[in-house]
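Asks: Provided below: upload-v6.cif, containing mmCIF, N, CA, C and O atoms.
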data_query
loop_
_atom_site.label_atom_id
_atom_site.label_comp_id
_atom_site.auth_asym_id
_atom_site.auth_seq_id
_atom_site.Cartn_x
_atom_site.Cartn_y
_atom_site.Cartn_z
N ASN A 15 -55.31 -4.33 58.37
CA ASN A 15 -56.75 -4.39 58.46
C ASN A 15 -57.31 -4.73 57.09
O ASN A 15 -57.30 -3.92 56.19
N ALA A 16 -57.83 -5.90 56.95
CA ALA A 16 -58.31 -6.35 55.65
C ALA A 16 -59.70 -5.81 55.32
O ALA A 16 -60.14 -5.89 54.19
N GLN A 17 -60.38 -5.21 56.27
CA GLN A 17 -61.73 -4.72 56.03
C GLN A 17 -61.77 -3.58 55.02
O GLN A 17 -62.70 -3.46 54.26
N ASP A 18 -60.76 -2.73 55.02
CA ASP A 18 -60.76 -1.61 54.09
C ASP A 18 -60.03 -1.94 52.79
O ASP A 18 -59.76 -1.07 51.98
N GLY A 19 -59.71 -3.22 52.59
CA GLY A 19 -59.06 -3.64 51.36
C GLY A 19 -57.56 -3.45 51.34
O GLY A 19 -56.91 -3.70 50.34
N LYS A 20 -57.01 -3.02 52.45
CA LYS A 20 -55.56 -2.82 52.53
C LYS A 20 -54.99 -3.77 53.56
O LYS A 20 -55.60 -4.03 54.60
N PHE A 21 -53.82 -4.28 53.26
CA PHE A 21 -53.16 -5.20 54.16
C PHE A 21 -51.85 -4.58 54.61
O PHE A 21 -51.13 -3.99 53.80
N GLU A 22 -51.56 -4.72 55.86
CA GLU A 22 -50.27 -4.25 56.37
C GLU A 22 -49.46 -5.48 56.75
O GLU A 22 -49.91 -6.30 57.54
N PHE A 23 -48.28 -5.60 56.16
CA PHE A 23 -47.40 -6.71 56.49
C PHE A 23 -45.98 -6.31 56.16
O PHE A 23 -45.74 -5.39 55.39
N ASP A 24 -45.06 -7.03 56.74
CA ASP A 24 -43.65 -6.78 56.47
C ASP A 24 -43.30 -7.51 55.17
O ASP A 24 -43.41 -8.73 55.10
N SER A 25 -42.92 -6.75 54.17
CA SER A 25 -42.66 -7.35 52.85
C SER A 25 -41.21 -7.79 52.68
O SER A 25 -40.85 -8.26 51.61
N THR A 26 -40.40 -7.68 53.71
CA THR A 26 -38.98 -8.01 53.61
C THR A 26 -38.75 -9.41 53.07
O THR A 26 -37.95 -9.62 52.16
N ASP A 27 -39.46 -10.39 53.62
CA ASP A 27 -39.27 -11.78 53.20
C ASP A 27 -39.71 -11.97 51.75
O ASP A 27 -39.04 -12.65 50.97
N LEU A 28 -40.81 -11.35 51.37
CA LEU A 28 -41.29 -11.44 49.99
C LEU A 28 -40.27 -10.85 49.02
O LEU A 28 -39.97 -11.44 47.98
N VAL A 29 -39.72 -9.69 49.36
CA VAL A 29 -38.73 -9.03 48.50
C VAL A 29 -37.50 -9.94 48.36
O VAL A 29 -36.98 -10.11 47.27
N LYS A 30 -37.05 -10.53 49.46
CA LYS A 30 -35.89 -11.43 49.41
C LYS A 30 -36.16 -12.62 48.49
O LYS A 30 -35.30 -13.01 47.70
N LYS A 31 -37.35 -13.19 48.59
CA LYS A 31 -37.69 -14.34 47.75
C LYS A 31 -37.74 -13.94 46.28
O LYS A 31 -37.28 -14.68 45.41
N CYS A 32 -38.27 -12.77 46.00
CA CYS A 32 -38.32 -12.29 44.61
C CYS A 32 -36.91 -12.06 44.07
O CYS A 32 -36.60 -12.46 42.94
N LEU A 33 -36.06 -11.43 44.88
CA LEU A 33 -34.68 -11.20 44.45
C LEU A 33 -33.95 -12.52 44.23
O LEU A 33 -33.20 -12.66 43.26
N ASN A 34 -34.16 -13.50 45.12
CA ASN A 34 -33.53 -14.81 44.95
C ASN A 34 -33.97 -15.46 43.65
O ASN A 34 -33.16 -16.03 42.92
N PHE A 35 -35.26 -15.36 43.32
CA PHE A 35 -35.77 -15.92 42.08
C PHE A 35 -35.10 -15.25 40.88
O PHE A 35 -34.66 -15.92 39.95
N ILE A 36 -35.03 -13.93 40.91
CA ILE A 36 -34.41 -13.19 39.81
C ILE A 36 -32.94 -13.54 39.69
O ILE A 36 -32.43 -13.73 38.58
N GLU A 37 -32.24 -13.66 40.82
CA GLU A 37 -30.82 -14.01 40.78
C GLU A 37 -30.60 -15.38 40.16
O GLU A 37 -29.65 -15.58 39.41
N GLU A 38 -31.50 -16.31 40.43
CA GLU A 38 -31.36 -17.67 39.91
C GLU A 38 -31.84 -17.80 38.46
O GLU A 38 -31.48 -18.74 37.77
N ASN A 39 -32.66 -16.87 38.01
CA ASN A 39 -33.26 -16.94 36.67
C ASN A 39 -33.05 -15.64 35.91
O ASN A 39 -33.92 -15.21 35.15
N THR A 40 -31.90 -15.02 36.11
CA THR A 40 -31.64 -13.68 35.59
C THR A 40 -31.90 -13.56 34.10
O THR A 40 -32.62 -12.66 33.65
N GLN A 41 -31.33 -14.44 33.33
CA GLN A 41 -31.45 -14.37 31.87
C GLN A 41 -32.91 -14.36 31.45
O GLN A 41 -33.34 -13.50 30.68
N ASP A 42 -33.69 -15.30 31.98
CA ASP A 42 -35.10 -15.39 31.60
C ASP A 42 -35.88 -14.15 32.04
O ASP A 42 -36.70 -13.63 31.28
N VAL A 43 -35.63 -13.69 33.25
CA VAL A 43 -36.35 -12.53 33.78
C VAL A 43 -36.01 -11.28 32.99
O VAL A 43 -36.89 -10.49 32.64
N PHE A 44 -34.74 -11.09 32.67
CA PHE A 44 -34.31 -9.88 31.97
C PHE A 44 -34.82 -9.82 30.54
O PHE A 44 -34.80 -8.77 29.92
N GLU A 45 -35.28 -10.95 30.00
CA GLU A 45 -35.82 -10.98 28.64
C GLU A 45 -37.32 -10.70 28.61
O GLU A 45 -37.89 -10.54 27.54
N THR A 46 -37.97 -10.61 29.77
CA THR A 46 -39.41 -10.40 29.80
C THR A 46 -39.77 -8.93 29.62
O THR A 46 -38.95 -8.05 29.85
N GLU A 47 -41.02 -8.70 29.23
CA GLU A 47 -41.52 -7.33 29.13
C GLU A 47 -41.63 -6.71 30.52
O GLU A 47 -41.45 -5.51 30.68
N GLY A 48 -41.91 -7.53 31.52
CA GLY A 48 -42.03 -7.03 32.89
C GLY A 48 -40.74 -6.41 33.40
O GLY A 48 -40.77 -5.46 34.19
N PHE A 49 -39.62 -6.93 32.95
CA PHE A 49 -38.32 -6.38 33.35
C PHE A 49 -38.23 -4.90 32.99
O PHE A 49 -37.68 -4.10 33.74
N LEU A 50 -38.78 -4.55 31.85
CA LEU A 50 -38.70 -3.17 31.37
C LEU A 50 -39.47 -2.19 32.25
O LEU A 50 -39.26 -0.99 32.16
N THR A 51 -40.32 -2.71 33.12
CA THR A 51 -41.13 -1.84 33.97
C THR A 51 -40.59 -1.74 35.40
O THR A 51 -41.20 -1.07 36.23
N LEU A 52 -39.48 -2.41 35.69
CA LEU A 52 -38.94 -2.38 37.05
C LEU A 52 -38.47 -0.98 37.43
O LEU A 52 -37.97 -0.23 36.59
N ARG A 53 -38.63 -0.66 38.69
CA ARG A 53 -38.16 0.63 39.20
C ARG A 53 -36.64 0.65 39.23
O ARG A 53 -35.98 -0.39 39.37
N GLU A 54 -36.08 1.84 39.12
CA GLU A 54 -34.62 1.98 39.11
C GLU A 54 -33.98 1.40 40.36
O GLU A 54 -32.92 0.79 40.29
N GLU A 55 -34.63 1.56 41.52
CA GLU A 55 -34.05 1.05 42.76
C GLU A 55 -33.84 -0.46 42.70
O GLU A 55 -32.84 -0.97 43.19
N LEU A 56 -34.78 -1.16 42.07
CA LEU A 56 -34.65 -2.61 41.95
C LEU A 56 -33.56 -2.97 40.95
O LEU A 56 -32.78 -3.89 41.17
N ILE A 57 -33.47 -2.23 39.87
CA ILE A 57 -32.41 -2.45 38.88
C ILE A 57 -31.04 -2.29 39.56
O ILE A 57 -30.16 -3.13 39.40
N ILE A 58 -30.88 -1.22 40.34
CA ILE A 58 -29.63 -0.96 41.05
C ILE A 58 -29.33 -2.10 42.01
O ILE A 58 -28.21 -2.61 42.08
N SER A 59 -30.34 -2.54 42.75
CA SER A 59 -30.17 -3.64 43.69
C SER A 59 -29.70 -4.91 42.98
O SER A 59 -28.81 -5.61 43.45
N LEU A 60 -30.31 -5.20 41.85
CA LEU A 60 -29.91 -6.39 41.09
C LEU A 60 -28.49 -6.27 40.57
O LEU A 60 -27.72 -7.23 40.60
N LEU A 61 -28.14 -5.10 40.08
CA LEU A 61 -26.79 -4.91 39.54
C LEU A 61 -25.72 -5.01 40.64
O LEU A 61 -24.58 -5.38 40.35
N LYS A 62 -26.08 -4.70 41.85
CA LYS A 62 -25.13 -4.80 42.97
C LYS A 62 -24.96 -6.24 43.43
O LYS A 62 -23.99 -6.57 44.10
N SER A 63 -25.89 -7.10 43.05
CA SER A 63 -25.86 -8.49 43.48
C SER A 63 -24.73 -9.25 42.80
O SER A 63 -24.52 -9.14 41.60
N GLU A 64 -24.03 -10.03 43.58
CA GLU A 64 -22.98 -10.89 43.04
C GLU A 64 -23.57 -12.20 42.50
O GLU A 64 -22.85 -13.01 41.94
N LYS A 65 -24.86 -12.39 42.70
CA LYS A 65 -25.49 -13.67 42.39
C LYS A 65 -26.26 -13.71 41.08
O LYS A 65 -26.76 -14.76 40.70
N ILE A 66 -26.38 -12.57 40.39
CA ILE A 66 -27.14 -12.62 39.14
C ILE A 66 -26.40 -13.49 38.13
O ILE A 66 -25.18 -13.49 38.07
N THR A 67 -27.17 -14.23 37.35
CA THR A 67 -26.60 -15.22 36.43
C THR A 67 -26.93 -14.84 35.00
O THR A 67 -27.91 -15.29 34.43
N ILE A 68 -26.08 -13.98 34.44
CA ILE A 68 -26.28 -13.54 33.06
C ILE A 68 -24.93 -13.08 32.51
O ILE A 68 -24.10 -12.55 33.25
N ASP A 69 -24.72 -13.31 31.25
CA ASP A 69 -23.52 -12.84 30.57
C ASP A 69 -23.48 -11.32 30.62
O ASP A 69 -24.51 -10.66 30.48
N GLU A 70 -22.32 -10.74 30.82
CA GLU A 70 -22.20 -9.28 30.98
C GLU A 70 -22.67 -8.51 29.74
O GLU A 70 -23.27 -7.45 29.88
N LEU A 71 -22.42 -9.02 28.56
CA LEU A 71 -22.89 -8.34 27.35
C LEU A 71 -24.41 -8.35 27.29
O LEU A 71 -25.04 -7.35 26.97
N GLU A 72 -25.01 -9.48 27.64
CA GLU A 72 -26.47 -9.56 27.66
C GLU A 72 -27.05 -8.68 28.75
O GLU A 72 -28.12 -8.09 28.58
N LEU A 73 -26.34 -8.58 29.88
CA LEU A 73 -26.76 -7.69 30.95
C LEU A 73 -26.74 -6.24 30.47
O LEU A 73 -27.69 -5.49 30.69
N PHE A 74 -25.67 -5.85 29.81
CA PHE A 74 -25.56 -4.50 29.26
C PHE A 74 -26.73 -4.21 28.32
O PHE A 74 -27.39 -3.18 28.42
N ASN A 75 -26.99 -5.14 27.40
CA ASN A 75 -28.07 -4.95 26.43
C ASN A 75 -29.43 -4.85 27.12
O ASN A 75 -30.27 -4.03 26.73
N ALA A 76 -29.64 -5.65 28.17
CA ALA A 76 -30.90 -5.61 28.91
C ALA A 76 -31.07 -4.27 29.61
O ALA A 76 -32.16 -3.68 29.61
N ILE A 77 -29.99 -3.75 30.19
CA ILE A 77 -30.05 -2.47 30.90
C ILE A 77 -30.33 -1.33 29.91
O ILE A 77 -31.09 -0.42 30.21
N VAL A 78 -29.74 -1.40 28.74
CA VAL A 78 -30.00 -0.38 27.72
C VAL A 78 -31.47 -0.45 27.27
O VAL A 78 -32.13 0.58 27.14
N ARG A 79 -32.00 -1.67 27.08
CA ARG A 79 -33.42 -1.81 26.71
C ARG A 79 -34.30 -1.22 27.81
O ARG A 79 -35.27 -0.50 27.52
N TRP A 80 -33.97 -1.53 29.07
CA TRP A 80 -34.72 -0.99 30.21
C TRP A 80 -34.65 0.54 30.19
O TRP A 80 -35.67 1.21 30.37
N GLY A 81 -33.47 1.09 29.96
CA GLY A 81 -33.29 2.54 29.95
C GLY A 81 -34.09 3.21 28.86
O GLY A 81 -34.69 4.27 29.07
N LYS A 82 -34.13 2.60 27.68
CA LYS A 82 -34.90 3.17 26.57
C LYS A 82 -36.39 3.17 26.89
O LYS A 82 -37.10 4.13 26.60
N GLN A 83 -36.87 2.10 27.51
CA GLN A 83 -38.28 2.05 27.90
C GLN A 83 -38.58 3.08 28.98
O GLN A 83 -39.59 3.77 28.92
N ARG A 84 -37.68 3.20 29.93
CA ARG A 84 -37.84 4.19 31.01
C ARG A 84 -37.88 5.61 30.43
O ARG A 84 -38.69 6.43 30.83
N GLU A 85 -37.00 5.87 29.47
CA GLU A 85 -36.97 7.18 28.81
C GLU A 85 -38.31 7.46 28.13
O GLU A 85 -38.87 8.55 28.28
N THR A 86 -38.81 6.50 27.40
CA THR A 86 -40.10 6.65 26.72
C THR A 86 -41.22 6.92 27.73
O THR A 86 -42.03 7.83 27.54
N ASP A 87 -41.24 6.15 28.81
CA ASP A 87 -42.28 6.31 29.83
C ASP A 87 -42.21 7.68 30.48
O ASP A 87 -43.23 8.34 30.67
N LEU A 88 -41.01 8.11 30.85
CA LEU A 88 -40.86 9.41 31.52
C LEU A 88 -41.18 10.57 30.59
O LEU A 88 -41.80 11.55 30.99
N LYS A 89 -40.78 10.46 29.33
CA LYS A 89 -41.09 11.52 28.37
C LYS A 89 -42.59 11.61 28.12
O LYS A 89 -43.12 12.70 27.93
N SER A 90 -43.28 10.48 28.15
CA SER A 90 -44.73 10.50 27.96
C SER A 90 -45.43 11.17 29.14
O SER A 90 -46.57 11.61 29.01
N GLN A 91 -44.73 11.25 30.26
CA GLN A 91 -45.26 11.95 31.45
C GLN A 91 -44.84 13.42 31.45
O GLN A 91 -45.04 14.12 32.43
N GLY A 92 -44.20 13.84 30.37
CA GLY A 92 -43.79 15.23 30.25
C GLY A 92 -42.47 15.56 30.92
O GLY A 92 -42.12 16.73 31.07
N LYS A 93 -41.71 14.55 31.29
CA LYS A 93 -40.43 14.79 31.96
C LYS A 93 -39.32 14.93 30.92
O LYS A 93 -39.30 14.22 29.92
N ASP A 94 -38.41 15.83 31.19
CA ASP A 94 -37.29 16.08 30.30
C ASP A 94 -36.10 15.23 30.74
O ASP A 94 -35.37 15.60 31.66
N VAL A 95 -35.94 14.07 30.13
CA VAL A 95 -34.87 13.14 30.50
C VAL A 95 -34.13 12.69 29.24
O VAL A 95 -34.63 12.81 28.14
N THR A 96 -32.94 12.17 29.47
CA THR A 96 -32.17 11.58 28.37
C THR A 96 -31.81 10.15 28.75
O THR A 96 -31.74 9.81 29.93
N LEU A 97 -31.56 9.35 27.75
CA LEU A 97 -31.13 7.98 28.01
C LEU A 97 -29.84 7.99 28.82
O LEU A 97 -29.67 7.20 29.75
N LYS A 98 -28.95 8.91 28.49
CA LYS A 98 -27.67 9.01 29.21
C LYS A 98 -27.90 9.26 30.70
O LYS A 98 -27.27 8.62 31.54
N SER A 99 -28.83 10.15 31.05
CA SER A 99 -29.07 10.44 32.46
C SER A 99 -29.73 9.26 33.17
O SER A 99 -29.43 8.99 34.33
N ILE A 100 -30.57 8.53 32.47
CA ILE A 100 -31.24 7.37 33.06
C ILE A 100 -30.25 6.25 33.33
O ILE A 100 -30.32 5.58 34.36
N LEU A 101 -29.31 6.05 32.43
CA LEU A 101 -28.37 4.93 32.55
C LEU A 101 -27.12 5.27 33.35
O LEU A 101 -26.30 4.38 33.59
N LYS A 102 -26.97 6.51 33.76
CA LYS A 102 -25.75 6.94 34.45
C LYS A 102 -25.39 6.03 35.63
O LYS A 102 -24.29 5.50 35.68
N GLU A 103 -26.31 5.86 36.56
CA GLU A 103 -26.02 5.04 37.74
C GLU A 103 -25.96 3.55 37.43
O GLU A 103 -25.02 2.87 37.84
N PRO A 104 -26.96 3.00 36.70
CA PRO A 104 -26.89 1.56 36.42
C PRO A 104 -25.61 1.13 35.69
O PRO A 104 -25.03 0.10 36.02
N LEU A 105 -25.17 1.92 34.72
CA LEU A 105 -23.97 1.51 33.96
C LEU A 105 -22.71 1.53 34.79
O LEU A 105 -21.77 0.80 34.51
N LYS A 106 -22.69 2.33 35.85
CA LYS A 106 -21.52 2.34 36.75
C LYS A 106 -21.35 1.01 37.45
O LYS A 106 -20.26 0.66 37.89
N LEU A 107 -22.44 0.25 37.58
CA LEU A 107 -22.41 -0.98 38.34
C LEU A 107 -22.10 -2.22 37.50
O LEU A 107 -21.93 -3.30 38.04
N LEU A 108 -22.03 -2.05 36.19
CA LEU A 108 -21.70 -3.20 35.33
C LEU A 108 -20.23 -3.55 35.49
O LEU A 108 -19.39 -2.70 35.65
N ARG A 109 -19.98 -4.87 35.41
CA ARG A 109 -18.60 -5.35 35.50
C ARG A 109 -18.13 -5.67 34.07
O ARG A 109 -18.47 -6.67 33.51
N TYR A 110 -17.36 -4.77 33.52
CA TYR A 110 -16.95 -4.90 32.12
C TYR A 110 -15.84 -5.89 31.93
O TYR A 110 -14.90 -6.01 32.51
#
Would you put the structure from the file into C-alpha cells?
Replies:
Amino acid sequence: NAQDGKFEFDSTDLVKKCLNFIEENTQDVFETEGFLTLREELIISLLKSEKITIDELELFNAIVRWGKQRETDLKSQGKDVTLKSILKEPLKLLRY
C-alpha cells in the first residue's frame, strides 16, 4: 500500500541482482565505504559464494577492515564486543 509510504513487495529478485553485481565487481565493492556498513548476514552470504572475484589476501584484509568498523559501531552503541568475536564466523569461511 503506497498510500502510507510503505511498499510491500518480494525483494528476492532485487537481492539476487545485488548479489550478482557484488560477485561480478567484488574488488571494487569491497573497497567502498559502503562495504564497511554491510550486515554480517550479507558478509557471510558473500563469503559462501563461489563467484566472488577477489584475491584471497585482499578478501582477508577487507573482512578485517569490515570487522574493525563493526567493532567501532557496536562499541559506540555500548555493546561489549571484540574484533575476535566479530570475525569468528566470517574468517571460518575464507579459503586460505
Asks: Work out where the centre of an axis-aligned box around every listed atom of segment 46-60 of chain A lies and how long its edges are once 5 Å is added on each side; give both in Å to one decimal as JSON.
Replies:
{"center_x": -34.9, "center_y": -4.3, "center_z": 36.4, "size_x": 24.3, "size_y": 22.6, "size_z": 24.6}
Asks: Would you mind telling me which residue in A:Asp27, A:Glu22, A:Glu37, A:Glu103 lies nearest to Ile66 of chain A when using all atoms listed in the file?
Replies: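 Among the listed residues, the smallest separation from Ile66 of chain A belongs to A:Glu37.
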Asks: Kindly resolve the PyMOL selection byres (((chain A and resi 73 and name CA) around 10) and name CA) on the present coordinates and return the residues as a PyMOL selection string.
Replies: chain A and resi 40-41+44-45+61+66-72+74-79+108-109
Asks: Name all residues at most 8 Å from Arg84 of chain A (count only N, CA, C and O atoms; drop same-chain ones fewer than 3 positions away) and give them as a tab-separated table (two decimals) with N, CA, C and O atoms, in the frame of the given file.
Replies:
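This is the output file around.tsv:
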chain	number	residue	atom	x	y	z
A	50	LEU	N	-38.78	-4.55	31.85
A	50	LEU	CA	-38.70	-3.17	31.37
A	50	LEU	C	-39.47	-2.19	32.25
A	50	LEU	O	-39.26	-0.99	32.16
A	51	THR	N	-40.32	-2.71	33.12
A	51	THR	CA	-41.13	-1.84	33.97
A	51	THR	C	-40.59	-1.74	35.40
A	51	THR	O	-41.20	-1.07	36.23
A	52	LEU	N	-39.48	-2.41	35.69
A	52	LEU	CA	-38.94	-2.38	37.05
A	52	LEU	C	-38.47	-0.98	37.43
A	52	LEU	O	-37.97	-0.23	36.59
A	77	ILE	N	-29.99	-3.75	30.19
A	77	ILE	CA	-30.05	-2.47	30.90
A	77	ILE	C	-30.33	-1.33	29.91
A	77	ILE	O	-31.09	-0.42	30.21
A	78	VAL	N	-29.74	-1.40	28.74
A	78	VAL	CA	-30.00	-0.38	27.72
A	78	VAL	C	-31.47	-0.45	27.27
A	78	VAL	O	-32.13	0.58	27.14
A	79	ARG	N	-32.00	-1.67	27.08
A	79	ARG	CA	-33.42	-1.81	26.71
A	79	ARG	C	-34.30	-1.22	27.81
A	79	ARG	O	-35.27	-0.50	27.52
A	80	TRP	N	-33.97	-1.53	29.07
A	80	TRP	CA	-34.72	-0.99	30.21
A	80	TRP	C	-34.65	0.54	30.19
A	80	TRP	O	-35.67	1.21	30.37
A	81	GLY	N	-33.47	1.09	29.96
A	81	GLY	CA	-33.29	2.54	29.95
A	81	GLY	C	-34.09	3.21	28.86
A	81	GLY	O	-34.69	4.27	29.07
A	87	ASP	N	-41.24	6.15	28.81
A	87	ASP	CA	-42.28	6.31	29.83
A	87	ASP	C	-42.21	7.68	30.48
A	87	ASP	O	-43.23	8.34	30.67
A	88	LEU	N	-41.01	8.11	30.85
A	88	LEU	CA	-40.86	9.41	31.52
A	88	LEU	C	-41.18	10.57	30.59
A	88	LEU	O	-41.80	11.55	30.99
A	89	LYS	N	-40.78	10.46	29.33
A	89	LYS	CA	-41.09	11.52	28.37
A	89	LYS	C	-42.59	11.61	28.12
A	89	LYS	O	-43.12	12.70	27.93
A	90	SER	N	-43.28	10.48	28.15
A	90	SER	CA	-44.73	10.50	27.96
A	90	SER	C	-45.43	11.17	29.14
A	90	SER	O	-46.57	11.61	29.01
A	91	GLN	N	-44.73	11.25	30.26
A	91	GLN	CA	-45.26	11.95	31.45
A	91	GLN	C	-44.84	13.42	31.45
A	91	GLN	O	-45.04	14.12	32.43
A	93	LYS	N	-41.71	14.55	31.29
A	93	LYS	CA	-40.43	14.79	31.96
A	93	LYS	C	-39.32	14.93	30.92
A	93	LYS	O	-39.30	14.22	29.92
A	95	VAL	N	-35.94	14.07	30.13
A	95	VAL	CA	-34.87	13.14	30.50
A	95	VAL	C	-34.13	12.69	29.24
A	95	VAL	O	-34.63	12.81	28.14
A	96	THR	N	-32.94	12.17	29.47
A	96	THR	CA	-32.17	11.58	28.37
A	96	THR	C	-31.81	10.15	28.75
A	96	THR	O	-31.74	9.81	29.93
A	97	LEU	N	-31.56	9.35	27.75
A	97	LEU	CA	-31.13	7.98	28.01
A	97	LEU	C	-29.84	7.99	28.82
A	97	LEU	O	-29.67	7.20	29.75
A	100	ILE	N	-30.57	8.53	32.47
A	100	ILE	CA	-31.24	7.37	33.06
A	100	ILE	C	-30.25	6.25	33.33
A	100	ILE	O	-30.32	5.58	34.36
Asks: With only N, CA, C and O atoms as the atoms that count, which of A:Gly92, A:Glu54, A:Phe49, A:Lys65 lies nearest to Asn34 of chain A?
Replies: A:Lys65
